[in-house]
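Trainee: The following file, model_36.pdb, comprises PDB, C-alpha atoms:
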ATOM      1  CA  MET A   1      -2.262 -58.210 -76.925
ATOM      2  CA  SER A   2      -1.482 -57.822 -73.290
ATOM      3  CA  ALA A   3      -4.195 -58.209 -70.681
ATOM      4  CA  LYS A   4      -2.885 -55.214 -68.728
ATOM      5  CA  LYS A   5      -4.472 -51.862 -69.417
ATOM      6  CA  ASP A   6      -2.947 -48.498 -68.718
ATOM      7  CA  PRO A   7      -4.750 -46.572 -66.022
ATOM      8  CA  GLY A   8      -7.510 -44.494 -67.515
ATOM      9  CA  ILE A   9      -7.320 -40.778 -67.959
ATOM     10  CA  LEU A  10      -9.969 -40.260 -65.293
ATOM     11  CA  GLN A  11      -8.043 -42.371 -62.776
ATOM     12  CA  GLY A  12      -4.872 -40.407 -63.479
ATOM     13  CA  PHE A  13      -6.757 -37.139 -63.133
ATOM     14  CA  LYS A  14      -8.252 -38.315 -59.829
ATOM     15  CA  ALA A  15      -4.787 -39.259 -58.534
ATOM     16  CA  PHE A  16      -3.492 -35.836 -59.606
ATOM     17  CA  LEU A  17      -6.296 -34.050 -57.766
ATOM     18  CA  MET A  18      -5.872 -36.112 -54.620
ATOM     19  CA  ARG A  19      -2.250 -35.076 -54.156
ATOM     20  CA  GLY A  20      -1.899 -32.801 -51.149
ATOM     21  CA  ASN A  21      -0.082 -30.011 -52.951
ATOM     22  CA  VAL A  22      -2.871 -29.600 -55.528
ATOM     23  CA  VAL A  23      -5.450 -29.158 -52.774
ATOM     24  CA  ASP A  24      -3.149 -26.709 -50.954
ATOM     25  CA  LEU A  25      -2.719 -24.743 -54.163
ATOM     26  CA  ALA A  26      -6.474 -24.570 -54.710
ATOM     27  CA  VAL A  27      -6.980 -23.296 -51.155
ATOM     28  CA  ALA A  28      -4.228 -20.708 -51.678
ATOM     29  CA  VAL A  29      -5.876 -19.441 -54.873
ATOM     30  CA  VAL A  30      -9.258 -19.052 -53.179
ATOM     31  CA  ILE A  31      -7.766 -17.287 -50.157
ATOM     32  CA  GLY A  32      -5.639 -15.123 -52.452
ATOM     33  CA  ALA A  33      -8.715 -14.008 -54.374
ATOM     34  CA  ALA A  34     -10.495 -13.075 -51.141
ATOM     35  CA  PHE A  35      -7.363 -11.350 -49.857
ATOM     36  CA  THR A  36      -7.147  -9.285 -53.052
ATOM     37  CA  ASN A  37     -10.519  -7.749 -52.234
ATOM     38  CA  ILE A  38      -9.245  -6.716 -48.801
ATOM     39  CA  VAL A  39      -6.102  -5.141 -50.243
ATOM     40  CA  ASN A  40      -8.069  -3.294 -52.919
ATOM     41  CA  ALA A  41     -10.377  -1.934 -50.227
ATOM     42  CA  VAL A  42      -7.371  -0.736 -48.193
ATOM     43  CA  VAL A  43      -5.880   0.979 -51.239
ATOM     44  CA  LYS A  44      -9.167   2.614 -52.235
ATOM     45  CA  GLY A  45     -10.230   3.475 -48.696
ATOM     46  CA  ILE A  46      -6.935   4.548 -47.098
ATOM     47  CA  ILE A  47      -4.090   4.980 -49.575
ATOM     48  CA  ASN A  48      -5.980   6.828 -52.298
ATOM     49  CA  PRO A  49      -7.469   9.385 -49.879
ATOM     50  CA  LEU A  50      -3.996   9.984 -48.409
ATOM     51  CA  VAL A  51      -2.647  10.560 -51.908
ATOM     52  CA  GLY A  52      -5.741  12.640 -52.559
ATOM     53  CA  THR A  53      -4.634  15.148 -49.962
ATOM     54  CA  ILE A  54      -1.901  16.224 -52.378
ATOM     55  CA  GLY A  55      -3.927  15.734 -55.542
ATOM     56  CA  THR A  56      -6.758  13.548 -56.690
ATOM     57  CA  GLN A  57      -8.026  10.403 -54.981
ATOM     58  CA  ASN A  58      -8.001   8.451 -58.211
ATOM     59  CA  LEU A  59      -4.405   7.793 -59.222
ATOM     60  CA  ASP A  60      -5.584   6.851 -62.715
ATOM     61  CA  ASN A  61      -6.063  10.574 -63.397
ATOM     62  CA  TYR A  62      -2.313  11.266 -63.256
ATOM     63  CA  TYR A  63      -0.596  11.222 -66.633
ATOM     64  CA  THR A  64       2.081  12.943 -68.661
ATOM     65  CA  CYS A  65       1.893  13.899 -72.317
ATOM     66  CA  LEU A  66       4.791  12.802 -74.480
ATOM     67  CA  LYS A  67       3.940  14.491 -77.702
ATOM     68  CA  GLY A  68       2.303  17.855 -77.827
ATOM     69  CA  SER A  69      -0.571  18.672 -75.575
ATOM     70  CA  CYS A  70      -3.060  16.008 -74.636
ATOM     71  CA  ARG A  71      -6.513  17.329 -75.299
ATOM     72  CA  GLU A  72      -9.674  15.444 -74.676
ATOM     73  CA  ALA A  73     -12.453  16.050 -77.140
ATOM     74  CA  ALA A  74     -16.126  16.170 -76.192
ATOM     75  CA  ASN A  75     -16.637  12.672 -77.630
ATOM     76  CA  GLY A  76     -13.921  11.252 -75.304
ATOM     77  CA  SER A  77     -11.131  10.867 -77.848
ATOM     78  CA  VAL A  78      -7.675  12.039 -76.792
ATOM     79  CA  SER A  79      -5.123  13.797 -78.952
ATOM     80  CA  GLY A  80      -1.448  13.321 -78.049
ATOM     81  CA  VAL A  81       0.342  10.438 -76.384
ATOM     82  CA  ARG A  82      -0.423   9.888 -72.706
ATOM     83  CA  ILE A  83       1.810   8.061 -70.263
ATOM     84  CA  LEU A  84      -0.537   6.900 -67.488
ATOM     85  CA  TRP A  85       1.973   6.814 -64.656
ATOM     86  CA  GLY A  86      -0.784   7.187 -62.046
ATOM     87  CA  SER A  87      -2.159   3.744 -62.929
ATOM     88  CA  VAL A  88       1.314   2.244 -62.594
ATOM     89  CA  LEU A  89       1.793   3.971 -59.242
ATOM     90  CA  GLY A  90      -1.568   2.649 -58.008
ATOM     91  CA  ALA A  91      -0.747  -0.902 -59.094
ATOM     92  CA  THR A  92       2.693  -0.632 -57.478
ATOM     93  CA  LEU A  93       1.187   0.571 -54.201
ATOM     94  CA  THR A  94      -1.309  -2.292 -54.292
ATOM     95  CA  PHE A  95       1.515  -4.773 -54.849
ATOM     96  CA  VAL A  96       3.702  -3.340 -52.071
ATOM     97  CA  ILE A  97       0.807  -3.289 -49.605
ATOM     98  CA  THR A  98      -0.164  -6.859 -50.524
ATOM     99  CA  ALA A  99       3.429  -8.058 -50.141
ATOM    100  CA  ALA A 100       3.819  -6.262 -46.793
ATOM    101  CA  VAL A 101       0.581  -7.653 -45.386
ATOM    102  CA  VAL A 102       1.386 -11.182 -46.551
ATOM    103  CA  TYR A 103       4.889 -10.938 -45.115
ATOM    104  CA  PHE A 104       4.044  -9.379 -41.756
ATOM    105  CA  LEU A 105       0.733 -11.131 -41.105
ATOM    106  CA  MET A 106       1.461 -14.544 -42.598
ATOM    107  CA  VAL A 107       5.135 -15.261 -43.295
ATOM    108  CA  VAL A 108       6.688 -13.845 -40.103
ATOM    109  CA  PRO A 109       4.217 -15.488 -37.690
ATOM    110  CA  MET A 110       4.444 -18.808 -39.554
ATOM    111  CA  SER A 111       8.259 -18.681 -39.501
ATOM    112  CA  LYS A 112       8.240 -18.023 -35.752
ATOM    113  CA  TYR A 113       5.761 -20.855 -35.210
ATOM    114  CA  LEU A 114       7.827 -23.302 -37.272
ATOM    115  CA  ALA A 115      11.011 -22.256 -35.455
ATOM    116  CA  ARG A 116       9.340 -22.907 -32.090
ATOM    117  CA  GLN A 117       8.113 -26.303 -33.304
ATOM    118  CA  ALA A 118      11.623 -27.194 -34.518
ATOM    119  CA  ALA A 119      13.131 -26.099 -31.184
ATOM    120  CA  ARG A 120      10.611 -28.225 -29.272
ATOM    121  CA  ARG A 121      11.348 -31.212 -31.513
ATOM    122  CA  ALA A 122      15.088 -30.702 -31.053
ATOM    123  CA  ALA A 123      14.651 -30.457 -27.285
ATOM    124  CA  ARG A 124      12.622 -33.674 -27.268
ATOM    125  CA  GLU A 125      15.245 -35.425 -29.414
ATOM    126  CA  GLY A 126      18.012 -34.159 -27.135
ATOM    127  CA  THR A 127      16.188 -35.484 -24.072
ATOM    128  CA  ARG A 128      15.599 -38.808 -25.791
ATOM    129  CA  GLU A 129      19.312 -39.070 -26.659
ATOM    130  CA  VAL A 130      20.316 -38.329 -23.064
ATOM    131  CA  ILE A 131      17.899 -40.988 -21.828
ATOM    132  CA  GLU A 132      19.159 -43.511 -24.395
ATOM    133  CA  VAL A 133      22.798 -42.808 -23.527
ATOM    134  CA  THR A 134      22.061 -43.093 -19.816
ATOM    135  CA  GLU A 135      20.213 -46.408 -20.284
ATOM    136  CA  LEU A 136      23.050 -47.701 -22.425
ATOM    137  CA  GLU A 137      25.599 -46.749 -19.782
ATOM    138  CA  VAL A 138      23.548 -48.492 -17.078
ATOM    139  CA  LEU A 139      23.245 -51.625 -19.191
ATOM    140  CA  LYS A 140      27.015 -51.629 -19.800
ATOM    141  CA  GLU A 141      27.627 -51.303 -16.066
ATOM    142  CA  ILE A 142      25.268 -54.229 -15.373
ATOM    143  CA  ARG A 143      27.030 -56.309 -18.029
ATOM    144  CA  ASP A 144      30.432 -55.470 -16.591
ATOM    145  CA  ALA A 145      29.225 -56.328 -13.073
ATOM    146  CA  LEU A 146      27.842 -59.697 -14.246
ATOM    147  CA  ILE A 147      31.087 -60.482 -16.064
ATOM    148  CA  ALA A 148      33.050 -59.558 -12.952
ATOM    149  CA  GLN A 149      30.841 -61.784 -10.762
ATOM    150  CA  ARG A 150      31.169 -64.671 -13.204
ATOM    151  CA  GLY A 151      34.939 -64.230 -13.269
ATOM    152  CA  ARG A 152      35.132 -64.291  -9.468
ATOM    153  CA  GLY A 153      32.904 -67.356  -9.339
ATOM    154  CA  HIS A 154      35.205 -69.346 -11.635
ATOM    155  CA  ASP A 155      38.291 -68.415  -9.591
ATOM    156  CA  GLU A 156      36.709 -69.553  -6.281
ATOM    157  CA  ARG A 157      35.728 -73.008  -7.521
TER     158      ARG A 157
END
Write out the structure in this file as structure tokens.
Mentor:
Amino acid sequence: MSAKKDPGILQGFKAFLMRGNVVDLAVAVVIGAAFTNIVNAVVKGIINPLVGTIGTQNLDNYYTCLKGSCREAANGSVSGVRILWGSVLGATLTFVITAAVVYFLMVVPMSKYLARQAARRAAREGTREVIEVTELEVLKEIRDALIAQRGRGHDER
């Protein structure tokens, strides 16, 4: 039997957890859950009342009957087939609002920030290249001058 042992499951799990992208993902999930509450509050507090001006504030109340008339009995049972398009509309509005807020408040500013950082880095690199080229040219001129002096010194002797 070999003396080497495979790394234990716990060590592998620890290495997995310590990777940067796993921690970033965990942070994103937590922030996403908190952000969902904000979006739901916006939908319930702003969007639903706006929709309520033309109907009801609760979009879940909108439906269409496919087969016959949909009647609700006193015990809560429903006859007929309901298509609950109001729930779908509410979920769609929530999604669109979430996507818009994420895009305009997170993606666009971060893209602008990263573009500025890249431009600054490029400007620094460009300056560094100019300095390096200039130093190289100066060193070549010094070398050429020394070679010229050496050549003149050999001719005079």
Trainee: Looking at A:Leu114, A:Val102, A:Ala145, A:Leu59, which one is nearest to Ser87 of chain A, with distances taken over all atoms listed in the file?
Mentor: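 Of the candidates, the smallest distance to Ser87 of chain A is held by A:Leu59.
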Trainee: So what does the PyMOL selection byres ((chain A and resi 88-101) around 9) actually pick up in this one, as a short mmCIF file (atom, residue, chain, number, x, y, z; two decimals) with C-alpha atoms, keeping the file's coordinate frame?
Mentor:
data_model
loop_
_atom_site.label_atom_id
_atom_site.label_comp_id
_atom_site.auth_asym_id
_atom_site.auth_seq_id
_atom_site.Cartn_x
_atom_site.Cartn_y
_atom_site.Cartn_z
CA PHE A 35 -7.36 -11.35 -49.86
CA THR A 36 -7.15 -9.28 -53.05
CA VAL A 39 -6.10 -5.14 -50.24
CA ASN A 40 -8.07 -3.29 -52.92
CA VAL A 42 -7.37 -0.74 -48.19
CA VAL A 43 -5.88 0.98 -51.24
CA ILE A 47 -4.09 4.98 -49.58
CA ASN A 48 -5.98 6.83 -52.30
CA ASN A 58 -8.00 8.45 -58.21
CA LEU A 59 -4.40 7.79 -59.22
CA ASP A 60 -5.58 6.85 -62.72
CA LEU A 84 -0.54 6.90 -67.49
CA TRP A 85 1.97 6.81 -64.66
CA GLY A 86 -0.78 7.19 -62.05
CA SER A 87 -2.16 3.74 -62.93
CA VAL A 102 1.39 -11.18 -46.55
CA TYR A 103 4.89 -10.94 -45.12
CA PHE A 104 4.04 -9.38 -41.76
CA LEU A 105 0.73 -11.13 -41.10
CA MET A 106 1.46 -14.54 -42.60
#
Trainee: Restricting the calculation to all atoms listed in the file: of A:Glu141, A:Ile9, A:Leu25, A:Cys65, which residue gets closest to Val78 of chain A?
Mentor: A:Cys65
Trainee: Have a look at atom CA of Leu66 of chain A and atom CA of Ser79 of chain A and let me know their distance in Å, one decimal.
Mentor: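 Atom CA of Leu66 of chain A sits 10.9 Å away from atom CA of Ser79 of chain A.
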Trainee: Report, in Å with one decimal, the straight-line distance from atom CA of Gly45 of chain A to atom CA of Ile31 of chain A.
Mentor: 21.0 Å
Trainee: Just say which residues the PyMOL selection byres ((chain A and resi 69) around 6) picks in this file, as a list in words.
Mentor: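 Those residues are Gly68, Cys70 and Gly80 of chain A.
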Trainee: For those residues, write C-alpha atoms to a file as a PDB file, in the frame of the given file.
Mentor:
ATOM      1  CA  GLY A  68       2.303  17.855 -77.827  1.00  0.00           C
ATOM      2  CA  CYS A  70      -3.060  16.008 -74.636  1.00  0.00           C
ATOM      3  CA  GLY A  80      -1.448  13.321 -78.049  1.00  0.00           C
TER       4      GLY A  80
END
Trainee: Mind giving me the straight-line distance from atom CA of Leu136 of chain A to atom CA of Arg120 of chain A in Å, one decimal?
Mentor: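 These atoms are spaced 24.1 Å apart.
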Trainee: Kindly provide, as AutoDock Vina command-line options, the centre and edge lengths (Å, one decimal) of an axis-aligned box around all atoms of segment 83-97 of chain A given in the file, with 5 Å on each side.
Mentor:
--center_x 0.8 --center_y 1.6 --center_z -59.9 --size_x 15.9 --size_y 22.8 --size_z 30.7
Trainee: Restricting the calculation to only C-alpha atoms, which member of A:Ala33, A:Val108, A:Ala118, A:Ile83 is positioned closest to Thr64 of chain A?
Mentor: A:Ile83
Trainee: Would you please work out which residue, of A:Arg82, A:Arg121, A:Lys112, A:Arg152, is nearest to Tyr62 of chain A when using all atoms listed in the file?
Mentor: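 Closest candidate: A:Arg82.
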Trainee: Which residue out of A:Leu146, A:Phe13, A:Lys67, A:Ala122 has the minimum interatomic distance to Val81 of chain A when all atoms listed in the file are used?
Mentor: A:Lys67
